[in-house]
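Heads up, the thing below is written out as structure tokens.
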Amino acid sequence: MTSTLRKLYALALFSLVAPMIVSAQKPSKKAMKKMIAENMQFAASQYKVLQQNTPADRMPRSFNNGKSITSDTEWWCSGFYPGSLWYIYEYTGDEQIKAEAERRLAILEKEKRYTGNHDIGFMIFCSFGNAYRITGNKQYKDVVDTAAVYQITRYRPAIQSIQSWNGNKDRKCPVIIDNMMNLEQLLWAAENGGSQQFRDIAVTHANTTLKNHYRPDHSTFHIVDYDLSTGEVIKKINGQGAHDTSAWSRGQAWGLYGFTMMYRFTKDQTYLQHAKNVADFLLSHPNMPADLIPYWDYNAPQIPNTPRDASAGAIMASALLELGQYVDKKDKARYVHAGALMLRSLASPAYRANLGENGGFLLKHSVGFFLQNSEVDVPLTYADYYFLEGLLRYKKWYL
Ligand code: GLY
């Protein structure tokens, strides 16, 4: 299909599906307020269970077959648990939650110089960034500033990108769509007294991603592999997705969030238009289920007999709520409504755990790496983090 035909097809589909999304019953402000309050109180209780299940020198990672799975602080997800604690504290003012957040920051701080991959943004900005935003404690800001300095050591001028993972026998210089999320730390650091180089690198990386990761239908590859000696793209591949031309759901969510965030910092209309295109691709896709929590890949061959990915739903919800801030009234209604429906789905018994169950995590049914049978249909820290963030965003902007 040519790119124009593809666009027409997507538009036609979207005009069919969008009214369905918008016309699904719109929750009242009162209902949303109650839902947010109930979930935040639940989170404060449930995360004390998660704390009990997590040794003091480790971070929670998942829960499977009745067993808690934890990680060291080098794991890319180590910032999400402290970040979630800060979100819960922000809403509830629960001092026990704050004390736990502080303890976990203390074991995480050493990662501010981590250069093993690109994920220092997830690790440090989601944790220390929130800690600084909420408390104003300058020591937390110093940690973010240091992390930004180390983050840009992975910038490769030859490919105009930050290298996500180190090379191996299969890939020379892989850059993954997830990397868009880590740019927030650089843009924030530049805007808050840091070097302009942080911003320049973030913008350059985003522009390269826009050029090389995205397909004409506004879906994204997970991995683009580059040749550092020529700067050329070697190959574009699936990584955690179903196949090389599929739309891996979390990757699509990272991109939606990442380009919405790029617009927040730069006000560049190209990023905004791109984020809208991605949102429309995701919301109008024929394989998007009615509860708006995607399957782990939009093109998973086993649909509908394959797991959903609550983490992708949570990231999309939070991103759509932000996107709603930047668009006209009509688009705002669609995106905010879709975000609210996603949050309500996640908060329903279909996805949310009962108190004391699920190892202390809030949400069930996320997927880490389906094809490697790793973390399939389990709780994951980032699903909880973006769910909480989405609830707080809804409260801040739409109540
Ligand atoms: N590669 C990080 C993720 O699973 O989203």
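Labels used: A, B, ... for chains in the order of the structure tokens, numbers from 1 for residues in each chain, and numbers from 1 for ligands as shown.
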**Request:** Find the residues around A:Gly79 up to 10 Å (only C-alpha atoms counted), leave out those fewer than 3 positions away in its own chain, and share them as a ChimeraX atom specification.
**Result:** /A:59,73-76,82-84,104-105,108-109,111,119-129,381-382,385
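Residues in contact range of A:Ser345, defined as at most 9 Å between only C-alpha atoms, with sequence neighbours fewer than 6 positions away removed, read A:Asp291, A:Leu292, A:Ile293, A:Tyr351, A:Arg352.
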**Protein and nucleic acid residues within 9 Å of ligand 1 (only C-alpha atoms and all ligand atoms) as a list of chain:residue names** =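 Taking only C-alpha atoms and all ligand atoms into account, the residues around ligand 1 at most 9 Å away are A:Trp76, A:Cys77, A:Asp119, A:Ile176, A:Ile177, A:Asp178, A:Asn179, A:His222, A:Gly239, A:Gln240, A:Arg250, A:Gly251, A:Trp254, A:Ser311, A:Ala312, A:Val367, A:Gly368, A:Phe369, A:Tyr382.
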Go ahead and write the selection's residues with all heavy atoms as a short mmCIF file (atom, residue, chain, number, x, y, z; two decimals), in the first residue's frame.
```cif
data_model
loop_
_atom_site.label_atom_id
_atom_site.label_comp_id
_atom_site.auth_asym_id
_atom_site.auth_seq_id
_atom_site.Cartn_x
_atom_site.Cartn_y
_atom_site.Cartn_z
N TRP A 76 16.86 -1.53 34.83
CA TRP A 76 16.34 -0.29 34.25
C TRP A 76 15.09 0.23 34.96
O TRP A 76 14.77 1.42 34.85
CB TRP A 76 16.07 -0.49 32.75
CG TRP A 76 14.89 -1.35 32.38
CD1 TRP A 76 14.85 -2.71 32.31
CD2 TRP A 76 13.58 -0.90 32.02
NE1 TRP A 76 13.61 -3.14 31.94
CE2 TRP A 76 12.80 -2.06 31.74
CE3 TRP A 76 12.96 0.36 31.90
CZ2 TRP A 76 11.45 -2.00 31.36
CZ3 TRP A 76 11.61 0.41 31.52
CH2 TRP A 76 10.88 -0.75 31.26
N CYS A 77 14.41 -0.65 35.71
CA CYS A 77 13.15 -0.24 36.36
C CYS A 77 13.33 0.24 37.79
O CYS A 77 12.33 0.46 38.49
CB CYS A 77 12.19 -1.42 36.37
SG CYS A 77 11.83 -2.04 34.73
N ASP A 119 19.10 3.95 30.17
CA ASP A 119 17.94 4.01 31.05
C ASP A 119 18.10 4.85 32.31
O ASP A 119 17.22 4.85 33.18
CB ASP A 119 17.52 2.59 31.43
CG ASP A 119 16.76 1.93 30.29
OD1 ASP A 119 15.98 2.63 29.63
OD2 ASP A 119 16.97 0.72 30.06
N ILE A 176 16.61 2.35 20.66
CA ILE A 176 15.24 1.82 20.81
C ILE A 176 14.27 2.97 21.10
O ILE A 176 14.66 4.01 21.64
CB ILE A 176 15.17 0.72 21.90
CG1 ILE A 176 15.46 1.25 23.31
CG2 ILE A 176 16.15 -0.41 21.56
CD1 ILE A 176 15.26 0.21 24.40
N ILE A 177 13.02 2.75 20.72
CA ILE A 177 12.02 3.81 20.86
C ILE A 177 11.87 4.24 22.33
O ILE A 177 11.64 5.42 22.63
CB ILE A 177 10.65 3.39 20.25
CG1 ILE A 177 9.66 4.55 20.22
CG2 ILE A 177 10.04 2.18 20.97
CD1 ILE A 177 10.04 5.71 19.35
N ASP A 178 12.08 3.32 23.25
CA ASP A 178 11.98 3.60 24.70
C ASP A 178 12.88 4.77 25.10
O ASP A 178 12.61 5.47 26.08
CB ASP A 178 12.41 2.37 25.52
CG ASP A 178 12.04 1.03 24.91
OD1 ASP A 178 11.89 0.95 23.68
OD2 ASP A 178 11.92 0.06 25.67
N ASN A 179 13.98 4.96 24.34
CA ASN A 179 14.96 6.01 24.64
C ASN A 179 14.32 7.40 24.68
O ASN A 179 14.81 8.32 25.36
CB ASN A 179 16.04 5.96 23.54
CG ASN A 179 17.38 6.47 24.01
OD1 ASN A 179 17.46 7.34 24.86
ND2 ASN A 179 18.44 5.94 23.46
N HIS A 222 10.65 -1.16 17.15
CA HIS A 222 11.25 -1.07 18.48
C HIS A 222 12.72 -0.64 18.36
O HIS A 222 13.14 0.30 19.02
CB HIS A 222 11.15 -2.43 19.20
CG HIS A 222 11.67 -2.40 20.60
ND1 HIS A 222 12.00 -3.53 21.30
CD2 HIS A 222 11.95 -1.37 21.43
CE1 HIS A 222 12.44 -3.19 22.50
NE2 HIS A 222 12.42 -1.88 22.61
N GLY A 239 12.60 -6.39 18.08
CA GLY A 239 12.95 -6.42 19.49
C GLY A 239 11.88 -7.15 20.28
O GLY A 239 11.68 -8.35 20.10
N GLN A 240 11.14 -6.41 21.12
CA GLN A 240 10.15 -7.06 21.97
C GLN A 240 8.79 -7.26 21.29
O GLN A 240 7.85 -7.74 21.90
CB GLN A 240 10.01 -6.26 23.27
CG GLN A 240 11.18 -6.54 24.21
CD GLN A 240 11.35 -5.49 25.30
OE1 GLN A 240 12.26 -4.70 25.27
NE2 GLN A 240 10.46 -5.50 26.27
N ARG A 250 3.91 -1.51 23.92
CA ARG A 250 4.59 -0.59 24.84
C ARG A 250 5.51 0.37 24.09
O ARG A 250 5.65 1.53 24.46
CB ARG A 250 5.34 -1.33 25.94
CG ARG A 250 5.72 -0.38 27.08
CD ARG A 250 6.10 -1.03 28.38
NE ARG A 250 7.10 -2.06 28.22
CZ ARG A 250 6.86 -3.37 28.22
NH1 ARG A 250 5.64 -3.82 28.40
NH2 ARG A 250 7.83 -4.26 28.06
N GLY A 251 6.10 -0.14 23.02
CA GLY A 251 6.94 0.76 22.22
C GLY A 251 6.12 1.92 21.66
O GLY A 251 6.57 3.07 21.64
N TRP A 254 5.56 4.28 24.53
CA TRP A 254 6.75 5.11 24.85
C TRP A 254 6.86 6.26 23.87
O TRP A 254 7.18 7.40 24.23
CB TRP A 254 8.03 4.28 24.79
CG TRP A 254 8.28 3.20 25.81
CD1 TRP A 254 8.84 1.98 25.56
CD2 TRP A 254 8.05 3.22 27.24
NE1 TRP A 254 8.97 1.25 26.72
CE2 TRP A 254 8.49 1.99 27.78
CE3 TRP A 254 7.50 4.16 28.13
CZ2 TRP A 254 8.41 1.66 29.13
CZ3 TRP A 254 7.42 3.84 29.48
CH2 TRP A 254 7.86 2.62 29.97
N SER A 311 0.67 -2.34 31.24
CA SER A 311 1.67 -1.26 31.31
C SER A 311 1.51 -0.34 30.11
O SER A 311 1.57 0.89 30.25
CB SER A 311 3.09 -1.83 31.39
OG SER A 311 3.56 -2.28 30.14
N ALA A 312 1.29 -0.91 28.92
CA ALA A 312 1.10 -0.06 27.73
C ALA A 312 -0.14 0.81 27.91
O ALA A 312 -0.13 2.00 27.57
CB ALA A 312 0.99 -0.93 26.47
N VAL A 367 2.92 -7.26 30.32
CA VAL A 367 3.80 -8.18 29.57
C VAL A 367 5.16 -7.52 29.38
O VAL A 367 5.25 -6.41 28.84
CB VAL A 367 3.19 -8.52 28.19
CG1 VAL A 367 4.18 -9.33 27.35
CG2 VAL A 367 1.89 -9.29 28.36
N GLY A 368 6.21 -8.22 29.83
CA GLY A 368 7.57 -7.71 29.61
C GLY A 368 8.05 -8.07 28.21
O GLY A 368 8.06 -7.23 27.32
N PHE A 369 8.41 -9.31 28.00
CA PHE A 369 8.98 -9.75 26.72
C PHE A 369 8.30 -11.05 26.33
O PHE A 369 8.74 -12.13 26.72
CB PHE A 369 10.50 -9.92 26.89
CG PHE A 369 11.27 -9.96 25.60
CD1 PHE A 369 12.63 -9.67 25.60
CD2 PHE A 369 10.68 -10.29 24.39
CE1 PHE A 369 13.37 -9.70 24.43
CE2 PHE A 369 11.41 -10.33 23.21
CZ PHE A 369 12.75 -10.04 23.23
N TYR A 382 6.48 -0.48 36.27
CA TYR A 382 6.17 0.71 35.46
C TYR A 382 4.69 0.81 35.15
O TYR A 382 4.19 1.91 34.91
CB TYR A 382 7.03 0.80 34.20
CG TYR A 382 7.33 -0.49 33.48
CD1 TYR A 382 6.62 -0.85 32.35
CD2 TYR A 382 8.33 -1.34 33.91
CE1 TYR A 382 6.91 -2.02 31.66
CE2 TYR A 382 8.62 -2.52 33.23
CZ TYR A 382 7.90 -2.86 32.12
OH TYR A 382 8.19 -4.03 31.45
#
```
**Item:** Polymer residues at most 10 Å from A:Met288, only C-alpha atoms, same-chain spacing of 5 or more positions, as a ChimeraX atom specification
**Value:** /A:17,281-283,293-295,297-298
I need the residues from that last selection saved to file as a short mmCIF file (atom, residue, chain, number, x, y, z; two decimals), in the first residue's frame (with C-alpha atoms), if you can.
```
data_model
loop_
_atom_site.label_atom_id
_atom_site.label_comp_id
_atom_site.auth_asym_id
_atom_site.auth_seq_id
_atom_site.Cartn_x
_atom_site.Cartn_y
_atom_site.Cartn_z
CA VAL A 17 -13.92 4.24 15.52
CA PHE A 281 -3.15 5.31 15.08
CA LEU A 282 -3.41 3.65 18.50
CA LEU A 283 -6.99 4.63 19.32
CA ILE A 293 -6.11 -1.75 27.20
CA PRO A 294 -4.09 -3.07 24.24
CA TYR A 295 -2.87 -6.57 23.58
CA ASP A 297 1.34 -6.20 20.35
CA TYR A 298 -1.26 -4.64 18.06
#
```
**Request:** Please run DSSP on the backbone and report, as a list in words, all residues within stretch 224-395 of chain A that come out as strand (DSSP E or B).
**Result:**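 Written out, the strand (DSSP E or B) residues of stretch 224-395 of chain A are Val224, Asp225, Tyr226, Val233, Ile234, Lys235, Lys236, Ile237, Trp248, Tyr295, Asp297, Arg308, Arg352, Leu363, Ser366, Val367, Gly368, Phe369, Ser374, Glu375, Val376, Asp377 and Val378 of chain A.
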Hey, can you spit out that residue selection with N, CA, C and O atoms as an mmCIF file, in the first residue's frame?
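Result saved to selection_25.cif:
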```cif
data_model
loop_
_atom_site.group_PDB
_atom_site.id
_atom_site.type_symbol
_atom_site.label_atom_id
_atom_site.label_comp_id
_atom_site.auth_asym_id
_atom_site.auth_seq_id
_atom_site.Cartn_x
_atom_site.Cartn_y
_atom_site.Cartn_z
ATOM 1 N N VAL A 224 16.164 0.414 15.988
ATOM 2 C CA VAL A 224 16.891 0.750 14.760
ATOM 3 C C VAL A 224 18.377 0.547 15.075
ATOM 4 O O VAL A 224 18.882 1.076 16.076
ATOM 5 N N ASP A 225 19.034 -0.248 14.244
ATOM 6 C CA ASP A 225 20.453 -0.515 14.456
ATOM 7 C C ASP A 225 21.280 0.312 13.470
ATOM 8 O O ASP A 225 20.975 0.343 12.271
ATOM 9 N N TYR A 226 22.310 0.974 13.984
ATOM 10 C CA TYR A 226 23.109 1.890 13.160
ATOM 11 C C TYR A 226 24.541 1.390 13.012
ATOM 12 O O TYR A 226 25.056 0.682 13.881
ATOM 13 N N VAL A 233 21.693 3.581 8.736
ATOM 14 C CA VAL A 233 20.841 2.566 9.374
ATOM 15 C C VAL A 233 21.206 1.213 8.795
ATOM 16 O O VAL A 233 21.289 1.054 7.572
ATOM 17 N N ILE A 234 21.452 0.231 9.670
ATOM 18 C CA ILE A 234 21.734 -1.129 9.190
ATOM 19 C C ILE A 234 20.419 -1.896 9.030
ATOM 20 O O ILE A 234 20.156 -2.520 8.027
ATOM 21 N N LYS A 235 19.596 -1.862 10.076
ATOM 22 C CA LYS A 235 18.323 -2.578 9.992
ATOM 23 C C LYS A 235 17.330 -2.018 11.009
ATOM 24 O O LYS A 235 17.719 -1.359 11.986
ATOM 25 N N LYS A 236 16.064 -2.309 10.742
ATOM 26 C CA LYS A 236 14.982 -1.895 11.639
ATOM 27 C C LYS A 236 14.261 -3.175 12.036
ATOM 28 O O LYS A 236 13.787 -3.904 11.165
ATOM 29 N N ILE A 237 14.179 -3.422 13.359
ATOM 30 C CA ILE A 237 13.690 -4.746 13.780
ATOM 31 C C ILE A 237 12.718 -4.679 14.959
ATOM 32 O O ILE A 237 12.532 -3.629 15.569
ATOM 33 N N TRP A 248 4.520 -3.172 18.423
ATOM 34 C CA TRP A 248 4.655 -3.595 19.830
ATOM 35 C C TRP A 248 4.021 -2.507 20.709
ATOM 36 O O TRP A 248 4.397 -1.330 20.627
ATOM 37 N N TYR A 295 -3.639 -5.320 23.524
ATOM 38 C CA TYR A 295 -2.874 -6.567 23.582
ATOM 39 C C TYR A 295 -1.395 -6.186 23.605
ATOM 40 O O TYR A 295 -1.030 -5.063 23.279
ATOM 41 N N ASP A 297 0.914 -6.703 21.658
ATOM 42 C CA ASP A 297 1.339 -6.198 20.349
ATOM 43 C C ASP A 297 0.064 -6.013 19.536
ATOM 44 O O ASP A 297 -0.799 -6.907 19.542
ATOM 45 N N ARG A 308 -3.200 -9.075 27.326
ATOM 46 C CA ARG A 308 -3.157 -7.606 27.248
ATOM 47 C C ARG A 308 -1.875 -7.143 27.917
ATOM 48 O O ARG A 308 -1.237 -7.895 28.652
ATOM 49 N N ARG A 352 -7.041 -4.482 38.363
ATOM 50 C CA ARG A 352 -6.472 -4.074 39.652
ATOM 51 C C ARG A 352 -6.565 -5.202 40.661
ATOM 52 O O ARG A 352 -7.573 -5.907 40.724
ATOM 53 N N LEU A 363 -1.396 -3.283 39.830
ATOM 54 C CA LEU A 363 -2.015 -3.790 38.602
ATOM 55 C C LEU A 363 -1.514 -5.182 38.235
ATOM 56 O O LEU A 363 -0.327 -5.486 38.406
ATOM 57 N N SER A 366 0.459 -7.326 32.970
ATOM 58 C CA SER A 366 1.393 -6.652 32.062
ATOM 59 C C SER A 366 2.269 -7.704 31.380
ATOM 60 O O SER A 366 2.350 -8.851 31.821
ATOM 61 N N VAL A 367 2.922 -7.261 30.318
ATOM 62 C CA VAL A 367 3.795 -8.180 29.570
ATOM 63 C C VAL A 367 5.163 -7.518 29.383
ATOM 64 O O VAL A 367 5.248 -6.411 28.836
ATOM 65 N N GLY A 368 6.213 -8.216 29.826
ATOM 66 C CA GLY A 368 7.569 -7.709 29.612
ATOM 67 C C GLY A 368 8.049 -8.067 28.210
ATOM 68 O O GLY A 368 8.058 -7.229 27.318
ATOM 69 N N PHE A 369 8.409 -9.314 28.005
ATOM 70 C CA PHE A 369 8.981 -9.747 26.716
ATOM 71 C C PHE A 369 8.305 -11.051 26.331
ATOM 72 O O PHE A 369 8.744 -12.132 26.718
ATOM 73 N N SER A 374 9.212 -14.050 28.987
ATOM 74 C CA SER A 374 9.725 -13.386 30.184
ATOM 75 C C SER A 374 8.718 -12.329 30.655
ATOM 76 O O SER A 374 8.324 -11.457 29.873
ATOM 77 N N GLU A 375 8.284 -12.447 31.879
ATOM 78 C CA GLU A 375 7.342 -11.488 32.488
ATOM 79 C C GLU A 375 6.052 -11.382 31.666
ATOM 80 O O GLU A 375 5.648 -10.296 31.247
ATOM 81 N N VAL A 376 5.412 -12.509 31.441
ATOM 82 C CA VAL A 376 4.173 -12.514 30.656
ATOM 83 C C VAL A 376 2.971 -12.599 31.590
ATOM 84 O O VAL A 376 2.867 -13.522 32.401
ATOM 85 N N ASP A 377 2.083 -11.628 31.476
ATOM 86 C CA ASP A 377 0.850 -11.570 32.260
ATOM 87 C C ASP A 377 1.128 -11.495 33.765
ATOM 88 O O ASP A 377 0.613 -12.295 34.549
ATOM 89 N N VAL A 378 1.944 -10.550 34.122
ATOM 90 C CA VAL A 378 2.376 -10.372 35.520
ATOM 91 C C VAL A 378 2.308 -8.885 35.886
ATOM 92 O O VAL A 378 2.170 -8.035 35.000
#
```
